Amino acid sequence: MFDRDRWQEIFEAIGKNKLRTFLSGFTVALGILIFTILLGLGNGLLNSFLSSFVDDAQNVIFIRGGRTSKAFKGFQENRRIQFENEDFEFINSNYTGKVEYATPRIYRDGLAKYKKESGSYSIRAVHPDHQYLEKTIMMKGRYLNEGDLVERTKNVVIGRLIEKDLFKNENALGKTLDVDGIAYKIVGVFQDSGGDNEERILYMPYKTVQLLFGNNEHLDQINLSYNMAMDTEQAIAFSKKIEEDFKKKFNVSPDDQSAIRVRSFVEDIKETMVILGGIYALIFVVGIGTLISGVIGIGNIMTFSIKERTKELGIRKALGASPKSIIAMVLQESVLITAVAGYLGLILGMLILKLIGNNLEEYFILNPKVDTGVIVVATITLVLSGLLAGYIPARRAAKIKPIIALRDE
Amino acid sequence: MIEIKDLHKSYQMGSNSLHVLKGINFSVKEGELVAIMGSSGSGKSTLLNILGMLDEADTGSYFLDDVPIKGLNETKAAQYRNKFLGFVFQSFNLINYKSALENVALPLYYQRKKRKERTEKAMEYLGKVSLAEWATHLPSELSGGQKQRVAIARALAADPKVLLADEPTGALDSKTSYEVMDIIQGINDEGKTILVVTHEEDIANMCKRIVHLKDGVIVEDKPVEQVRASQYV
């Protein structure tokens with residue numbers, strides 16, 4: 001294998017039969033190129049789907065109240081279900097160990113003013129846990145805390161773009177913001193990967209909002225995240241359990257679909273993963289198919305080349321080449337061409353993927369690339385397929401009888 | 001050098017069996033220059049192929065330099081061919097993408113000689129056939145006579161016991177033929193054992209002994225007065 005002379009012999013044969021070498025190499029390089037790009041794009045698709053979930057924590061469950069669609073236990077239909085603080089505390093006290101974070105939400109809109117600038121923004125009145133559920137990243141200052149709840153402070157946390165809109169180049173931290181005529185102190189500025197709208201939000205302590213607007217205990221929504229130790233099935237069961245408990249709590253018919261809405265990403269993720277798995281499998285099958293056709297291509301060309309070289313191999317045998325040395329020569333040539341061409345195809349493919357980068361984001365392809373493991377496997381596959389593609393023709397070559405090969409044509 | 005006893009060979013042609021060699025008894029001593037003659041179909045090429053271990057006899061014995069040549073596997077046959085025999089063919093059989101020098105060096109490669117030694121030896125033998133200046137040329141750039149001389153140099157490079165030439169002048173005009181025969185005679189003068197298969201009377205007469213084959217048997221085996229090719233060159 002590492003006989004320098006034999007390699008020299010092979011390089012000579014390759015160098016002096018450029019067309020043959022080019023053709024067989026090209027087939028393999030093309031196969032690998034397509035394989036790499038397909039796989040990379042598949043990964044890009046996967047990345048894109050995954051990133052659509054990372055805005056919020058993946059283990060979040062949303063609970064919202066609607067209106068009943070059925071009469072139940074003496075209650076009329078079309079009854080409005082209103083959550084209150086007591087329902088939020090119910091979550092915290094009833095599902096210990098299963099709940100990671102939990103927060104209520106009250107939605108409002110407000111006109112925020114600072115000096116001469118003003119804008120209408122969404123307000124979310126929340127519990128401090130909301131930061132973890134929404135994956136809010138603090139740029140300056142702090143998020144809301146327990147103290148804000150207890151004291152019912154008029155503190156507010158604003159999105160990065162609100163600071164940009166209203167404060168221009170000023171630092172908003174510690175400034176007073178007027179929202180619908182009430183003065184709040186800005187204690188923090190945040191950013192969020194969920195897009196521009198997510199960065200134009202005002203977060204306030206929910207108890208403050210309840211006190212200021214209506215002095216009630218109303219909540220619009222409860223978000224919670226389940227313990228990540230739960231697997232998918234357990235998480236789905238947990239979300240069903242919450243739904244059942246809440247239906248019971250509010251005297252809603254178990255088959256009423258609109259009164260209590262419990263939604264989680266779990267099933268979405270599961271479904272998406274199944275679809276992605278399908279896409280991935282498809283890409284893999286197509287990729288492997290291309291690869292196989294490349295290998296068959298090189299096998300074909302090697303077979304043809306053996307036929308073309310029958311005479312040469314016959315001469316070599318007459319001059320004392322053993323069948324083993326003929327097999328080794330053909331195999332090494334095949335492996336060399338496959339490995340080099342395949343590697344070129346791989347490099348080219350990765351280069352193209354790099355060039356594509358995030359340019360195809362609108363087609364749901366994000367950061368397409370292939371990982372090292374795949375490259376290692378691909379390289380091994382290449383050498384093996386070179387052996388495979390070369391073996392049959394090599395055996396045939398070894399069986400050439402010099403007497404037949406040398407018969408005058 | 002060569003001892004053959006009661007050699008038989010037949011080929012299966014569909015349902016017919018073609019009996020090509022029907023009991024050949026024949027021996028060659030060291031330093032002989034033997035012409036094997038016969039019309040086509042007489043079995044002379046088959047005999048040469050068996051002598052060259054390119055083909056095997058059905059029955060009979062064959063000793064080459066006191067080594068029994070029988071039931072060799074391919075690897076062993078390749079080894080023996082490399083060690084004992086040099087071939088010269090009618091159609092030269094040079095490897096077309098290798099230069100004259102590389103062609104001559106090839107048997108040495110299969111003897112696992114070092115590259116430097118291969119090149120030196122090959123150059124020496126190319127010089128012997130007066131083609132030293134053509135060393136780097138490809139076969140396609142050489143004339144028929146030059147090609148055959150390269151082939152002879154290649155056959156000699158491995159320093160074989162016996163040189164087997166199958167119609168070495170068959171593809172050459174008579175002037176070139178004599179040049180080639182002159183070289184063959186020169187090699188024989190140095191003591192090399194040579195067998196030449198030919199159907200040309202004048203070529204056969206340039207050997208020292210003529211064996212006539214007809215229908216698979218030797219009909220005549222006689223020494224001849226050697227005609228020197230040099231007088232025609």
# chains A, B, ... in the order shown; residues from 1 in each chain; ligands from 1
call {"tool": "interface_residues", "arguments": {"of": "chain A", "to": "chain B", "cutoff": "10 Å", "atoms": "only C-alpha atoms", "output": "number ranges by chain"}}
result
A: 4-6, 9, 12-13, 15-17, 309, 311-325, 398-399, 401-404, 406-409
call {"tool": "write_last_selection", "arguments": {"atoms": "N, CA and C atoms", "output": "mmCIF file, in the first residue's frame"}}
result
data_model
loop_
_atom_site.group_PDB
_atom_site.id
_atom_site.type_symbol
_atom_site.label_atom_id
_atom_site.label_comp_id
_atom_site.auth_asym_id
_atom_site.auth_seq_id
_atom_site.Cartn_x
_atom_site.Cartn_y
_atom_site.Cartn_z
ATOM 1 N N ARG A 4 6.386 3.131 -2.533
ATOM 2 C CA ARG A 4 6.546 4.383 -3.259
ATOM 3 C C ARG A 4 6.543 4.141 -4.771
ATOM 4 N N ASP A 5 7.191 3.056 -5.173
ATOM 5 C CA ASP A 5 7.267 2.765 -6.596
ATOM 6 C C ASP A 5 5.901 2.522 -7.198
ATOM 7 N N ARG A 6 5.069 1.820 -6.416
ATOM 8 C CA ARG A 6 3.747 1.531 -6.956
ATOM 9 C C ARG A 6 2.951 2.812 -7.111
ATOM 10 N N GLU A 9 4.051 4.471 -10.108
ATOM 11 C CA GLU A 9 3.463 3.774 -11.257
ATOM 12 C C GLU A 9 2.027 4.246 -11.467
ATOM 13 N N GLU A 12 1.746 7.834 -12.647
ATOM 14 C CA GLU A 12 2.087 7.871 -14.055
ATOM 15 C C GLU A 12 0.887 7.471 -14.897
ATOM 16 N N ALA A 13 0.243 6.369 -14.481
ATOM 17 C CA ALA A 13 -0.922 5.887 -15.235
ATOM 18 C C ALA A 13 -2.029 6.933 -15.221
ATOM 19 N N GLY A 15 -1.672 10.243 -14.625
ATOM 20 C CA GLY A 15 -1.238 11.448 -15.306
ATOM 21 C C GLY A 15 -1.295 11.319 -16.815
ATOM 22 N N LYS A 16 -1.075 10.109 -17.306
ATOM 23 C CA LYS A 16 -1.030 9.957 -18.753
ATOM 24 C C LYS A 16 -2.369 9.522 -19.323
ATOM 25 N N ASN A 17 -3.361 9.384 -18.484
ATOM 26 C CA ASN A 17 -4.712 9.073 -18.965
ATOM 27 C C ASN A 17 -5.656 10.087 -18.359
ATOM 28 N N ARG A 309 -7.466 -1.211 -21.129
ATOM 29 C CA ARG A 309 -6.094 -1.507 -20.724
ATOM 30 C C ARG A 309 -5.784 -2.997 -20.749
ATOM 31 N N LYS A 311 -4.764 -4.957 -22.921
ATOM 32 C CA LYS A 311 -3.489 -5.279 -23.528
ATOM 33 C C LYS A 311 -2.332 -4.909 -22.584
ATOM 34 N N GLU A 312 -2.439 -3.698 -22.043
ATOM 35 C CA GLU A 312 -1.384 -3.242 -21.143
ATOM 36 C C GLU A 312 -1.228 -4.199 -19.959
ATOM 37 N N LEU A 313 -2.387 -4.595 -19.398
ATOM 38 C CA LEU A 313 -2.325 -5.482 -18.235
ATOM 39 C C LEU A 313 -1.766 -6.840 -18.648
ATOM 40 N N GLY A 314 -2.120 -7.278 -19.853
ATOM 41 C CA GLY A 314 -1.567 -8.528 -20.384
ATOM 42 C C GLY A 314 -0.050 -8.440 -20.494
ATOM 43 N N ILE A 315 0.416 -7.310 -21.021
ATOM 44 C CA ILE A 315 1.871 -7.117 -21.142
ATOM 45 C C ILE A 315 2.517 -7.162 -19.769
ATOM 46 N N ARG A 316 1.896 -6.426 -18.828
ATOM 47 C CA ARG A 316 2.441 -6.403 -17.469
ATOM 48 C C ARG A 316 2.541 -7.822 -16.903
ATOM 49 N N LYS A 317 1.474 -8.611 -17.170
ATOM 50 C CA LYS A 317 1.508 -9.977 -16.635
ATOM 51 C C LYS A 317 2.583 -10.800 -17.314
ATOM 52 N N ALA A 318 2.745 -10.618 -18.622
ATOM 53 C CA ALA A 318 3.791 -11.351 -19.332
ATOM 54 C C ALA A 318 5.173 -10.966 -18.797
ATOM 55 N N LEU A 319 5.288 -9.733 -18.343
ATOM 56 C CA LEU A 319 6.577 -9.268 -17.837
ATOM 57 C C LEU A 319 6.779 -9.618 -16.364
ATOM 58 N N GLY A 320 5.759 -10.260 -15.766
ATOM 59 C CA GLY A 320 5.960 -10.749 -14.411
ATOM 60 C C GLY A 320 5.097 -10.112 -13.347
ATOM 61 N N ALA A 321 4.041 -9.381 -13.751
ATOM 62 C CA ALA A 321 3.140 -8.817 -12.749
ATOM 63 C C ALA A 321 2.249 -9.923 -12.207
ATOM 64 N N SER A 322 2.186 -10.035 -10.874
ATOM 65 C CA SER A 322 1.321 -11.055 -10.285
ATOM 66 C C SER A 322 -0.106 -10.521 -10.253
ATOM 67 N N PRO A 323 -1.100 -11.440 -10.186
ATOM 68 C CA PRO A 323 -2.496 -10.985 -10.119
ATOM 69 C C PRO A 323 -2.694 -10.025 -8.961
ATOM 70 N N LYS A 324 -2.016 -10.293 -7.851
ATOM 71 C CA LYS A 324 -2.155 -9.441 -6.677
ATOM 72 C C LYS A 324 -1.712 -8.013 -6.982
ATOM 73 N N SER A 325 -0.621 -7.904 -7.678
ATOM 74 C CA SER A 325 -0.106 -6.557 -7.947
ATOM 75 C C SER A 325 -1.029 -5.818 -8.914
ATOM 76 N N ALA A 398 -7.287 -8.904 -13.016
ATOM 77 C CA ALA A 398 -6.331 -9.904 -12.562
ATOM 78 C C ALA A 398 -6.521 -11.216 -13.293
ATOM 79 N N LYS A 399 -7.773 -11.423 -13.759
ATOM 80 C CA LYS A 399 -8.069 -12.699 -14.419
ATOM 81 C C LYS A 399 -7.706 -12.689 -15.903
ATOM 82 N N LYS A 401 -6.047 -13.237 -19.100
ATOM 83 C CA LYS A 401 -4.969 -14.145 -19.473
ATOM 84 C C LYS A 401 -4.083 -13.421 -20.455
ATOM 85 N N PRO A 402 -2.801 -13.358 -20.147
ATOM 86 C CA PRO A 402 -1.913 -12.608 -21.042
ATOM 87 C C PRO A 402 -2.006 -13.108 -22.477
ATOM 88 N N ILE A 403 -2.193 -14.411 -22.615
ATOM 89 C CA ILE A 403 -2.226 -14.982 -23.963
ATOM 90 C C ILE A 403 -3.384 -14.411 -24.773
ATOM 91 N N ILE A 404 -4.514 -14.158 -24.079
ATOM 92 C CA ILE A 404 -5.671 -13.603 -24.786
ATOM 93 C C ILE A 404 -5.475 -12.101 -24.994
ATOM 94 N N LEU A 406 -2.768 -10.546 -25.348
ATOM 95 C CA LEU A 406 -1.702 -10.221 -26.288
ATOM 96 C C LEU A 406 -1.982 -10.705 -27.705
ATOM 97 N N ARG A 407 -3.084 -11.436 -27.843
ATOM 98 C CA ARG A 407 -3.412 -11.953 -29.179
ATOM 99 C C ARG A 407 -3.513 -10.774 -30.145
ATOM 100 N N ASP A 408 -2.853 -10.915 -31.242
ATOM 101 C CA ASP A 408 -2.831 -9.792 -32.185
ATOM 102 C C ASP A 408 -4.229 -9.462 -32.662
ATOM 103 N N GLU A 409 -4.521 -8.158 -32.622
ATOM 104 C CA GLU A 409 -5.875 -7.759 -32.964
ATOM 105 C C GLU A 409 -6.064 -7.718 -34.474
#
call {"tool": "residues_around", "arguments": {"residues": "Lys240 of chain A", "least_positions_apart": "2", "cutoff": "12 Å", "atoms": "only C-alpha atoms", "output": "list in words"}}
result
Ile61, Phe62, Ile63, Glu233, Gln234, Ala235, Ile236, Ala237, Phe238, Ile242, Glu243, Glu244, Asp245, Phe246, Lys247, Pro254, Ile260, Arg261, Val262, Arg263, Ser264, Val266 and Glu267 of chain A
call {"tool": "write_last_selection", "arguments": {"atoms": "N, CA and C atoms", "output": "PDB file, in the first residue's frame"}}
result
ATOM      1  N   ILE A  61     -46.297  26.371  28.476  1.00  0.00           N
ATOM      2  CA  ILE A  61     -47.719  26.050  28.295  1.00  0.00           C
ATOM      3  C   ILE A  61     -48.511  27.335  28.544  1.00  0.00           C
ATOM      4  N   PHE A  62     -49.409  27.675  27.621  1.00  0.00           N
ATOM      5  CA  PHE A  62     -50.255  28.862  27.767  1.00  0.00           C
ATOM      6  C   PHE A  62     -51.655  28.441  28.183  1.00  0.00           C
ATOM      7  N   ILE A  63     -52.217  29.170  29.147  1.00  0.00           N
ATOM      8  CA  ILE A  63     -53.608  28.886  29.533  1.00  0.00           C
ATOM      9  C   ILE A  63     -54.403  30.172  29.355  1.00  0.00           C
ATOM     10  N   GLU A 233     -44.085  12.791  26.158  1.00  0.00           N
ATOM     11  CA  GLU A 233     -45.367  12.179  26.508  1.00  0.00           C
ATOM     12  C   GLU A 233     -45.870  12.715  27.852  1.00  0.00           C
ATOM     13  N   GLN A 234     -44.962  12.790  28.812  1.00  0.00           N
ATOM     14  CA  GLN A 234     -45.338  13.290  30.138  1.00  0.00           C
ATOM     15  C   GLN A 234     -45.802  14.739  30.050  1.00  0.00           C
ATOM     16  N   ALA A 235     -45.101  15.514  29.205  1.00  0.00           N
ATOM     17  CA  ALA A 235     -45.447  16.921  29.063  1.00  0.00           C
ATOM     18  C   ALA A 235     -46.844  17.068  28.466  1.00  0.00           C
ATOM     19  N   ILE A 236     -47.133  16.234  27.475  1.00  0.00           N
ATOM     20  CA  ILE A 236     -48.468  16.293  26.857  1.00  0.00           C
ATOM     21  C   ILE A 236     -49.528  15.914  27.897  1.00  0.00           C
ATOM     22  N   ALA A 237     -49.220  14.890  28.686  1.00  0.00           N
ATOM     23  CA  ALA A 237     -50.157  14.458  29.726  1.00  0.00           C
ATOM     24  C   ALA A 237     -50.376  15.565  30.751  1.00  0.00           C
ATOM     25  N   PHE A 238     -49.278  16.257  31.102  1.00  0.00           N
ATOM     26  CA  PHE A 238     -49.356  17.334  32.083  1.00  0.00           C
ATOM     27  C   PHE A 238     -50.254  18.456  31.564  1.00  0.00           C
ATOM     28  N   ILE A 242     -53.732  19.887  33.272  1.00  0.00           N
ATOM     29  CA  ILE A 242     -54.052  21.281  33.598  1.00  0.00           C
ATOM     30  C   ILE A 242     -55.402  21.650  33.011  1.00  0.00           C
ATOM     31  N   GLU A 243     -55.607  21.243  31.769  1.00  0.00           N
ATOM     32  CA  GLU A 243     -56.862  21.569  31.096  1.00  0.00           C
ATOM     33  C   GLU A 243     -58.056  20.986  31.865  1.00  0.00           C
ATOM     34  N   GLU A 244     -57.905  19.721  32.250  1.00  0.00           N
ATOM     35  CA  GLU A 244     -58.985  19.059  32.999  1.00  0.00           C
ATOM     36  C   GLU A 244     -59.254  19.770  34.324  1.00  0.00           C
ATOM     37  N   ASP A 245     -58.145  20.048  35.046  1.00  0.00           N
ATOM     38  CA  ASP A 245     -58.296  20.697  36.355  1.00  0.00           C
ATOM     39  C   ASP A 245     -59.014  22.038  36.231  1.00  0.00           C
ATOM     40  N   PHE A 246     -58.610  22.822  35.233  1.00  0.00           N
ATOM     41  CA  PHE A 246     -59.209  24.138  35.052  1.00  0.00           C
ATOM     42  C   PHE A 246     -60.670  24.036  34.636  1.00  0.00           C
ATOM     43  N   LYS A 247     -60.980  23.035  33.812  1.00  0.00           N
ATOM     44  CA  LYS A 247     -62.380  22.859  33.407  1.00  0.00           C
ATOM     45  C   LYS A 247     -63.243  22.536  34.611  1.00  0.00           C
ATOM     46  N   PRO A 254     -66.298  18.926  30.076  1.00  0.00           N
ATOM     47  CA  PRO A 254     -64.998  18.372  29.662  1.00  0.00           C
ATOM     48  C   PRO A 254     -64.780  18.443  28.151  1.00  0.00           C
ATOM     49  N   ILE A 260     -61.737  26.914  28.047  1.00  0.00           N
ATOM     50  CA  ILE A 260     -60.379  26.915  28.588  1.00  0.00           C
ATOM     51  C   ILE A 260     -59.444  26.451  27.483  1.00  0.00           C
ATOM     52  N   ARG A 261     -58.503  27.278  27.164  1.00  0.00           N
ATOM     53  CA  ARG A 261     -57.580  26.874  26.093  1.00  0.00           C
ATOM     54  C   ARG A 261     -56.188  26.688  26.660  1.00  0.00           C
ATOM     55  N   VAL A 262     -55.727  25.453  26.597  1.00  0.00           N
ATOM     56  CA  VAL A 262     -54.368  25.161  27.051  1.00  0.00           C
ATOM     57  C   VAL A 262     -53.554  24.797  25.821  1.00  0.00           C
ATOM     58  N   ARG A 263     -52.553  25.575  25.594  1.00  0.00           N
ATOM     59  CA  ARG A 263     -51.739  25.325  24.398  1.00  0.00           C
ATOM     60  C   ARG A 263     -50.278  25.174  24.806  1.00  0.00           C
ATOM     61  N   SER A 264     -49.602  24.204  24.204  1.00  0.00           N
ATOM     62  CA  SER A 264     -48.166  24.079  24.479  1.00  0.00           C
ATOM     63  C   SER A 264     -47.436  23.834  23.170  1.00  0.00           C
ATOM     64  N   VAL A 266     -45.221  21.630  22.896  1.00  0.00           N
ATOM     65  CA  VAL A 266     -44.766  20.245  22.865  1.00  0.00           C
ATOM     66  C   VAL A 266     -45.259  19.520  21.625  1.00  0.00           C
ATOM     67  N   GLU A 267     -46.569  19.603  21.418  1.00  0.00           N
ATOM     68  CA  GLU A 267     -47.109  18.853  20.281  1.00  0.00           C
ATOM     69  C   GLU A 267     -46.650  19.439  18.956  1.00  0.00           C
TER      70      GLU A 267
END
call {"tool": "residues_around", "arguments": {"residues": "Tyr206 of chain A", "least_positions_apart": "6", "cutoff": "12 Å", "atoms": "only C-alpha atoms", "output": "NGL selection string"}}
result
:A and (84-85 or 88 or 103-108 or 123-130 or 144-146 or 148-156 or 212-213 or 215-222)
call {"tool": "select_by_dssp", "arguments": {"residues": "segment 206-324 of chain A", "states": "strand (DSSP E or B)", "output": "NGL selection string"}}
result
:A and (218-219 or 221-226 or 260-264)
call {"tool": "residues_around", "arguments": {"residues": "Ser99 of chain B", "least_positions_apart": "6", "cutoff": "10 Å", "atoms": "only C-alpha atoms", "output": "VMD selection string"}}
result
chain B and resid 105 134 to 141 150
call {"tool": "write_last_selection", "arguments": {"atoms": "C-alpha atoms", "output": "mmCIF file, in the first residue's frame"}}
result
data_model
loop_
_atom_site.group_PDB
_atom_site.id
_atom_site.type_symbol
_atom_site.label_atom_id
_atom_site.label_comp_id
_atom_site.auth_asym_id
_atom_site.auth_seq_id
_atom_site.Cartn_x
_atom_site.Cartn_y
_atom_site.Cartn_z
ATOM 1 C CA ALA B 105 12.473 -0.716 -17.045
ATOM 2 C CA TRP B 134 15.320 7.679 -28.042
ATOM 3 C CA ALA B 135 14.942 6.857 -24.361
ATOM 4 C CA THR B 136 12.381 9.551 -23.593
ATOM 5 C CA HIS B 137 10.281 8.974 -26.698
ATOM 6 C CA LEU B 138 6.874 7.374 -26.607
ATOM 7 C CA PRO B 139 6.314 4.248 -28.722
ATOM 8 C CA SER B 140 4.088 6.281 -31.052
ATOM 9 C CA GLU B 141 7.114 8.372 -31.956
ATOM 10 C CA VAL B 150 12.774 -1.449 -27.574
#
call {"tool": "residues_around", "arguments": {"residues": "segment 222-228 of chain B", "least_positions_apart": "3", "cutoff": "7 Å", "atoms": "only C-alpha atoms", "output": "list in words"}}
result
Asn205, Met206, Cys207, Lys208, Arg209, Ile210, Val211 and Gln231 of chain B
call {"tool": "write_last_selection", "arguments": {"atoms": "N, CA and C atoms", "output": "short mmCIF file (atom, residue, chain, number, x, y, z; two decimals), in the first residue's frame"}}
result
data_model
loop_
_atom_site.label_atom_id
_atom_site.label_comp_id
_atom_site.auth_asym_id
_atom_site.auth_seq_id
_atom_site.Cartn_x
_atom_site.Cartn_y
_atom_site.Cartn_z
N ASN B 205 16.63 -19.18 -41.52
CA ASN B 205 18.01 -19.52 -41.89
C ASN B 205 19.05 -18.70 -41.16
N MET B 206 18.60 -17.65 -40.51
CA MET B 206 19.54 -16.86 -39.71
C MET B 206 19.71 -17.45 -38.32
N CYS B 207 18.94 -18.52 -38.02
CA CYS B 207 19.12 -19.21 -36.74
C CYS B 207 20.12 -20.34 -36.93
N LYS B 208 20.33 -21.12 -35.83
CA LYS B 208 21.31 -22.20 -35.93
C LYS B 208 20.63 -23.56 -36.07
N ARG B 209 19.33 -23.56 -35.85
CA ARG B 209 18.61 -24.85 -35.89
C ARG B 209 17.18 -24.55 -36.26
N ILE B 210 16.59 -25.40 -37.11
CA ILE B 210 15.21 -25.17 -37.51
C ILE B 210 14.34 -26.36 -37.09
N VAL B 211 13.27 -26.09 -36.41
CA VAL B 211 12.31 -27.14 -36.04
C VAL B 211 11.03 -26.89 -36.84
N GLN B 231 25.34 -8.99 -43.03
CA GLN B 231 25.73 -8.75 -44.42
C GLN B 231 24.63 -8.04 -45.22
#
call {"tool": "atom_distance", "arguments": {"atom1": "atom CA of Thr176 of chain A", "atom2": "atom CA of Ile158 of chain A"}}
result
11.5 Å
call {"tool": "atom_distance", "arguments": {"atom1": "atom CA of Lys175 of chain A", "atom2": "atom CA of Ile137 of chain A"}}
result
19.9 Å
call {"tool": "closest_residue", "arguments": {"among": "B:Gly23, B:Pro160, B:Gly145, B:Gly14", "to": "Leu64 of chain B", "atoms": "only C-alpha atoms"}}
result
B:Pro160
call {"tool": "residues_around", "arguments": {"residues": "Val196 of chain B", "least_positions_apart": "6", "cutoff": "12 Å", "atoms": "only C-alpha atoms", "output": "PyMOL selection string"}}
result
chain B and resi 32-38+44-45+47-48+51+86-90+162-170+180-181+184-185+188+203-212
call {"tool": "closest_residue", "arguments": {"among": "B:Gly127, B:Lys214, B:His199, B:Val233", "to": "Ser174 of chain B", "atoms": "only C-alpha atoms"}}
result
B:Val233
call {"tool": "decode", "arguments": {"residues": "segment 10-22 of chain B", "atoms": "N, CA and C atoms", "output": "mmCIF file, in the first residue's frame"}}
result
data_model
loop_
_atom_site.group_PDB
_atom_site.id
_atom_site.type_symbol
_atom_site.label_atom_id
_atom_site.label_comp_id
_atom_site.auth_asym_id
_atom_site.auth_seq_id
_atom_site.Cartn_x
_atom_site.Cartn_y
_atom_site.Cartn_z
ATOM 1 N N SER B 10 -4.994 -29.578 -26.388
ATOM 2 C CA SER B 10 -6.156 -29.406 -27.266
ATOM 3 C C SER B 10 -7.034 -28.278 -26.746
ATOM 4 N N TYR B 11 -7.744 -27.646 -27.648
ATOM 5 C CA TYR B 11 -8.662 -26.567 -27.285
ATOM 6 C C TYR B 11 -10.077 -27.027 -27.509
ATOM 7 N N GLN B 12 -10.938 -26.614 -26.611
ATOM 8 C CA GLN B 12 -12.351 -26.932 -26.724
ATOM 9 C C GLN B 12 -13.003 -25.833 -27.567
ATOM 10 N N MET B 13 -13.484 -26.184 -28.757
ATOM 11 C CA MET B 13 -14.168 -25.210 -29.589
ATOM 12 C C MET B 13 -15.623 -25.625 -29.663
ATOM 13 N N GLY B 14 -16.425 -25.093 -28.777
ATOM 14 C CA GLY B 14 -17.824 -25.515 -28.706
ATOM 15 C C GLY B 14 -17.862 -26.997 -28.392
ATOM 16 N N SER B 15 -18.483 -27.799 -29.263
ATOM 17 C CA SER B 15 -18.573 -29.233 -28.987
ATOM 18 C C SER B 15 -17.367 -29.974 -29.563
ATOM 19 N N ASN B 16 -16.612 -29.283 -30.441
ATOM 20 C CA ASN B 16 -15.450 -29.946 -31.046
ATOM 21 C C ASN B 16 -14.211 -29.748 -30.197
ATOM 22 N N SER B 17 -13.387 -30.743 -30.198
ATOM 23 C CA SER B 17 -12.111 -30.599 -29.529
ATOM 24 C C SER B 17 -11.046 -30.488 -30.620
ATOM 25 N N LEU B 18 -10.210 -29.423 -30.491
ATOM 26 C CA LEU B 18 -9.179 -29.209 -31.505
ATOM 27 C C LEU B 18 -7.839 -29.622 -30.924
ATOM 28 N N HIS B 19 -7.290 -30.686 -31.445
ATOM 29 C CA HIS B 19 -6.023 -31.205 -30.941
ATOM 30 C C HIS B 19 -4.897 -30.443 -31.624
ATOM 31 N N VAL B 20 -4.249 -29.551 -30.895
ATOM 32 C CA VAL B 20 -3.272 -28.669 -31.540
ATOM 33 C C VAL B 20 -1.861 -29.247 -31.481
ATOM 34 N N LEU B 21 -1.474 -29.699 -30.297
ATOM 35 C CA LEU B 21 -0.159 -30.320 -30.166
ATOM 36 C C LEU B 21 -0.347 -31.805 -29.863
ATOM 37 N N LYS B 22 0.277 -32.623 -30.703
ATOM 38 C CA LYS B 22 0.027 -34.068 -30.563
ATOM 39 C C LYS B 22 1.308 -34.792 -30.218
#
